[in-house]
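Following: one structure in structure tokens, then a few remarks.
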Amino acid sequence: MKLTTAFLALAAAITASSASPTPLSKRAAPKGIDISHYQGTVNFNTAKANGISFVYIKATEGTTYLDPSFSDHYVGATNAGLLRGGYHFAHPDTSSGATQAKYFLAHGGGWTSDGRTLPGALDIEYGPSGSECYGLSASAMVSWIKDFSNTYHSAVGVYPVIYTTTDWWKTCTGNSASFASTNPLWLAHYSSSIGALPAGWSYATFWQYADSGPNPGDQDEFNGSADGLKRLALG
């Protein structure tokens, strides 16, 4: 997930309690990474030794792209004992949300309540080809995300995590609060505090706080305890 840093505002102290999150200063919490084929071969045992507890791995994009490193990354993370899940880079301008959710589910994005598989994530952000909102109105974008989210939920029983930025969400969904009660939020904000959240959400479940660091890929943090992270994997 490569975001334009100009769009990324100040970051924030991620919340500490998995049951009743309360904003706190940045503290020790389960750390993670998100990766794709851009990272090449990843030594997950080394990442785990460096304190990494979980990893999100790019699986798909649109309905025509499969990340060539997904299988190797997924198996490697599993063998190292890390919690792991797949993510899908959305292209709302090319096909319906349901079509892309089904493609994601068929190519690594599934979920099962095994205590080690994280719910799949929908990466919905700045259009890579110049159209920030993919040519969709705010209402059409909300409908597209609902189509993806509901299709995913119908298939596996949990809603997908939504990865985005507050700026993009405000601009392209009209700051919709429609997903806060169902979809965990994974917010990208590169700094020392997480800043303002999109409408509806009172906390972020995941925080992507840097696009580089001591471990491969983007640097992430779970908002809660190690037990809370495992409960998320259990559904």
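Here's how to read the names in the structure tokens: chain A, B, ... by the order shown, residue numbers from 1 in each chain, ligand numbers from 1 in the order shown.
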
Backbone-only DSSP, helix (DSSP H, G or I) members of stretch 1-213 of chain A, as a VMD selection string: chain A and resid 5 to 7 37 to 39 44 to 49 70 to 79 97 to 106 138 to 156 166 to 173

Using DSSP on the backbone, list every residue of stretch 66-202 of chain A that comes out as strand (DSSP E), and give them as an mmCIF file with N, CA and C atoms, in the first residue's frame.
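See selection12.cif below for the written result:
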data_model
loop_
_atom_site.group_PDB
_atom_site.id
_atom_site.type_symbol
_atom_site.label_atom_id
_atom_site.label_comp_id
_atom_site.auth_asym_id
_atom_site.auth_seq_id
_atom_site.Cartn_x
_atom_site.Cartn_y
_atom_site.Cartn_z
ATOM 1 N N LEU A 66 -3.079 -10.756 -9.544
ATOM 2 C CA LEU A 66 -2.732 -11.572 -8.393
ATOM 3 C C LEU A 66 -1.297 -11.246 -8.009
ATOM 4 N N LEU A 83 0.272 -14.080 12.996
ATOM 5 C CA LEU A 83 -1.085 -13.921 12.513
ATOM 6 C C LEU A 83 -1.008 -13.227 11.163
ATOM 7 N N ARG A 84 -1.852 -13.649 10.215
ATOM 8 C CA ARG A 84 -1.739 -13.092 8.868
ATOM 9 C C ARG A 84 -3.098 -13.017 8.198
ATOM 10 N N GLY A 85 -3.175 -12.103 7.240
ATOM 11 C CA GLY A 85 -4.386 -11.946 6.452
ATOM 12 C C GLY A 85 -4.037 -11.333 5.111
ATOM 13 N N GLY A 86 -4.960 -11.401 4.180
ATOM 14 C CA GLY A 86 -4.738 -10.834 2.857
ATOM 15 C C GLY A 86 -5.421 -9.490 2.715
ATOM 16 N N TYR A 87 -4.946 -8.691 1.757
ATOM 17 C CA TYR A 87 -5.646 -7.450 1.437
ATOM 18 C C TYR A 87 -5.837 -7.309 -0.063
ATOM 19 N N HIS A 88 -6.884 -6.578 -0.407
ATOM 20 C CA HIS A 88 -7.282 -6.363 -1.803
ATOM 21 C C HIS A 88 -7.206 -4.880 -2.116
ATOM 22 N N PHE A 89 -6.485 -4.513 -3.168
ATOM 23 C CA PHE A 89 -6.435 -3.120 -3.613
ATOM 24 C C PHE A 89 -7.596 -2.884 -4.562
ATOM 25 N N ALA A 121 -8.743 -7.501 4.248
ATOM 26 C CA ALA A 121 -8.794 -6.040 4.272
ATOM 27 C C ALA A 121 -9.051 -5.488 2.874
ATOM 28 N N LEU A 122 -9.905 -4.466 2.827
ATOM 29 C CA LEU A 122 -10.171 -3.719 1.601
ATOM 30 C C LEU A 122 -9.320 -2.461 1.630
ATOM 31 N N ASP A 123 -8.369 -2.369 0.721
ATOM 32 C CA ASP A 123 -7.496 -1.200 0.587
ATOM 33 C C ASP A 123 -8.178 -0.236 -0.374
ATOM 34 N N VAL A 161 -11.855 -5.614 7.074
ATOM 35 C CA VAL A 161 -11.209 -4.413 7.581
ATOM 36 C C VAL A 161 -11.171 -3.394 6.442
ATOM 37 N N ILE A 162 -11.379 -2.128 6.750
ATOM 38 C CA ILE A 162 -11.269 -1.068 5.741
ATOM 39 C C ILE A 162 -9.995 -0.277 5.990
ATOM 40 N N TYR A 163 -9.107 -0.292 4.995
ATOM 41 C CA TYR A 163 -7.871 0.493 5.032
ATOM 42 C C TYR A 163 -8.054 1.754 4.211
ATOM 43 N N THR A 164 -7.783 2.904 4.816
ATOM 44 C CA THR A 164 -7.949 4.157 4.099
ATOM 45 C C THR A 164 -7.216 5.268 4.829
ATOM 46 N N LEU A 185 -11.518 -0.427 11.342
ATOM 47 C CA LEU A 185 -10.802 0.608 10.598
ATOM 48 C C LEU A 185 -9.301 0.408 10.701
ATOM 49 N N TRP A 186 -8.638 0.496 9.556
ATOM 50 C CA TRP A 186 -7.171 0.479 9.483
ATOM 51 C C TRP A 186 -6.787 1.808 8.844
ATOM 52 N N LEU A 187 -6.269 2.707 9.648
ATOM 53 C CA LEU A 187 -6.014 4.058 9.184
ATOM 54 C C LEU A 187 -4.531 4.296 8.927
ATOM 55 N N ALA A 188 -4.244 4.898 7.784
ATOM 56 C CA ALA A 188 -2.877 5.287 7.437
ATOM 57 C C ALA A 188 -2.672 6.750 7.803
#

My list of candidates is A:Lys31, A:Lys170, A:Lys48, A:His189. Which is closest to A:Ala226 when distances are computed with only C-alpha atoms? A:Lys31

Neighbouring residues of A:Thr41 were defined as those with any atom within 9 Å, considering only C-alpha atoms; residues of the same chain fewer than 5 positions away were excluded. Please report them as a PyMOL selection string. chain A and resi 69+72-73

Considering only C-alpha atoms, return as an NGL selection string whatever protein or nucleic-acid residues lie within 12 Å of A:Ile124, sequence-local ones (same chain, fewer than 3 positions apart) excluded. :A and (1-3 or 61-62 or 87-93 or 97 or 121 or 127-128 or 132-134 or 141-142 or 144-145 or 148-149 or 160-169 or 172-173 or 185-188)

How far is it from atom CA of A:Gly109 to atom CA of A:Gly81, in Å with one decimal?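 We find that atom CA of A:Gly109 and atom CA of A:Gly81 lie 18.6 Å from each other.
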
Write out as a ChimeraX atom specification the residues lying within 9 Å of A:Gly200, counting only C-alpha atoms and excluding same-chain residues fewer than 3 positions away. /A:175-181,197

Selected residues, all heavy atoms, written as a PDB file, in the first residue's frame, please.
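Printed below is again_38.pdb as written:
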ATOM      1  N   ASN A 175     -17.386  11.498   3.803  1.00  0.00           N
ATOM      2  CA  ASN A 175     -17.191  11.191   5.232  1.00  0.00           C
ATOM      3  C   ASN A 175     -18.326  10.335   5.777  1.00  0.00           C
ATOM      4  O   ASN A 175     -18.877  10.588   6.860  1.00  0.00           O
ATOM      5  CB  ASN A 175     -17.029  12.458   6.069  1.00  0.00           C
ATOM      6  CG  ASN A 175     -16.190  12.219   7.312  1.00  0.00           C
ATOM      7  OD1 ASN A 175     -15.412  11.271   7.388  1.00  0.00           O
ATOM      8  ND2 ASN A 175     -16.321  13.091   8.293  1.00  0.00           N
ATOM      9  N   SER A 176     -18.660   9.299   5.045  1.00  0.00           N
ATOM     10  CA  SER A 176     -19.728   8.385   5.440  1.00  0.00           C
ATOM     11  C   SER A 176     -19.437   7.725   6.788  1.00  0.00           C
ATOM     12  O   SER A 176     -18.318   7.290   7.055  1.00  0.00           O
ATOM     13  CB  SER A 176     -19.902   7.293   4.386  1.00  0.00           C
ATOM     14  OG  SER A 176     -20.807   6.305   4.827  1.00  0.00           O
ATOM     15  N   ALA A 177     -20.477   7.642   7.620  1.00  0.00           N
ATOM     16  CA  ALA A 177     -20.376   6.939   8.903  1.00  0.00           C
ATOM     17  C   ALA A 177     -21.035   5.562   8.827  1.00  0.00           C
ATOM     18  O   ALA A 177     -21.258   4.929   9.858  1.00  0.00           O
ATOM     19  CB  ALA A 177     -21.033   7.776   9.992  1.00  0.00           C
ATOM     20  N   SER A 178     -21.299   5.076   7.625  1.00  0.00           N
ATOM     21  CA  SER A 178     -22.095   3.865   7.440  1.00  0.00           C
ATOM     22  C   SER A 178     -21.386   2.574   7.825  1.00  0.00           C
ATOM     23  O   SER A 178     -22.041   1.538   7.959  1.00  0.00           O
ATOM     24  CB  SER A 178     -22.539   3.757   5.971  1.00  0.00           C
ATOM     25  OG  SER A 178     -23.346   4.845   5.599  1.00  0.00           O
ATOM     26  N   PHE A 179     -20.073   2.612   7.998  1.00  0.00           N
ATOM     27  CA  PHE A 179     -19.325   1.367   8.181  1.00  0.00           C
ATOM     28  C   PHE A 179     -18.741   1.212   9.586  1.00  0.00           C
ATOM     29  O   PHE A 179     -18.168   0.180   9.908  1.00  0.00           O
ATOM     30  CB  PHE A 179     -18.194   1.290   7.154  1.00  0.00           C
ATOM     31  CG  PHE A 179     -18.689   1.361   5.731  1.00  0.00           C
ATOM     32  CD1 PHE A 179     -18.802   2.582   5.086  1.00  0.00           C
ATOM     33  CD2 PHE A 179     -19.091   0.221   5.062  1.00  0.00           C
ATOM     34  CE1 PHE A 179     -19.282   2.664   3.784  1.00  0.00           C
ATOM     35  CE2 PHE A 179     -19.570   0.285   3.760  1.00  0.00           C
ATOM     36  CZ  PHE A 179     -19.675   1.509   3.125  1.00  0.00           C
ATOM     37  N   ALA A 180     -18.899   2.217  10.413  1.00  0.00           N
ATOM     38  CA  ALA A 180     -18.223   2.213  11.714  1.00  0.00           C
ATOM     39  C   ALA A 180     -18.725   1.104  12.630  1.00  0.00           C
ATOM     40  O   ALA A 180     -17.965   0.606  13.471  1.00  0.00           O
ATOM     41  CB  ALA A 180     -18.390   3.570  12.391  1.00  0.00           C
ATOM     42  N   SER A 181     -19.975   0.700  12.488  1.00  0.00           N
ATOM     43  CA  SER A 181     -20.531  -0.324  13.382  1.00  0.00           C
ATOM     44  C   SER A 181     -20.242  -1.742  12.918  1.00  0.00           C
ATOM     45  O   SER A 181     -20.519  -2.700  13.655  1.00  0.00           O
ATOM     46  CB  SER A 181     -22.046  -0.133  13.520  1.00  0.00           C
ATOM     47  OG  SER A 181     -22.692  -0.342  12.276  1.00  0.00           O
ATOM     48  N   LEU A 197     -10.142  10.931  12.908  1.00  0.00           N
ATOM     49  CA  LEU A 197     -10.647   9.701  12.311  1.00  0.00           C
ATOM     50  C   LEU A 197     -11.804  10.008  11.365  1.00  0.00           C
ATOM     51  O   LEU A 197     -12.477  11.036  11.500  1.00  0.00           O
ATOM     52  CB  LEU A 197     -11.143   8.746  13.396  1.00  0.00           C
ATOM     53  CG  LEU A 197     -10.140   8.322  14.467  1.00  0.00           C
ATOM     54  CD1 LEU A 197     -10.828   7.395  15.468  1.00  0.00           C
ATOM     55  CD2 LEU A 197      -8.926   7.646  13.855  1.00  0.00           C
TER      56      LEU A 197
END
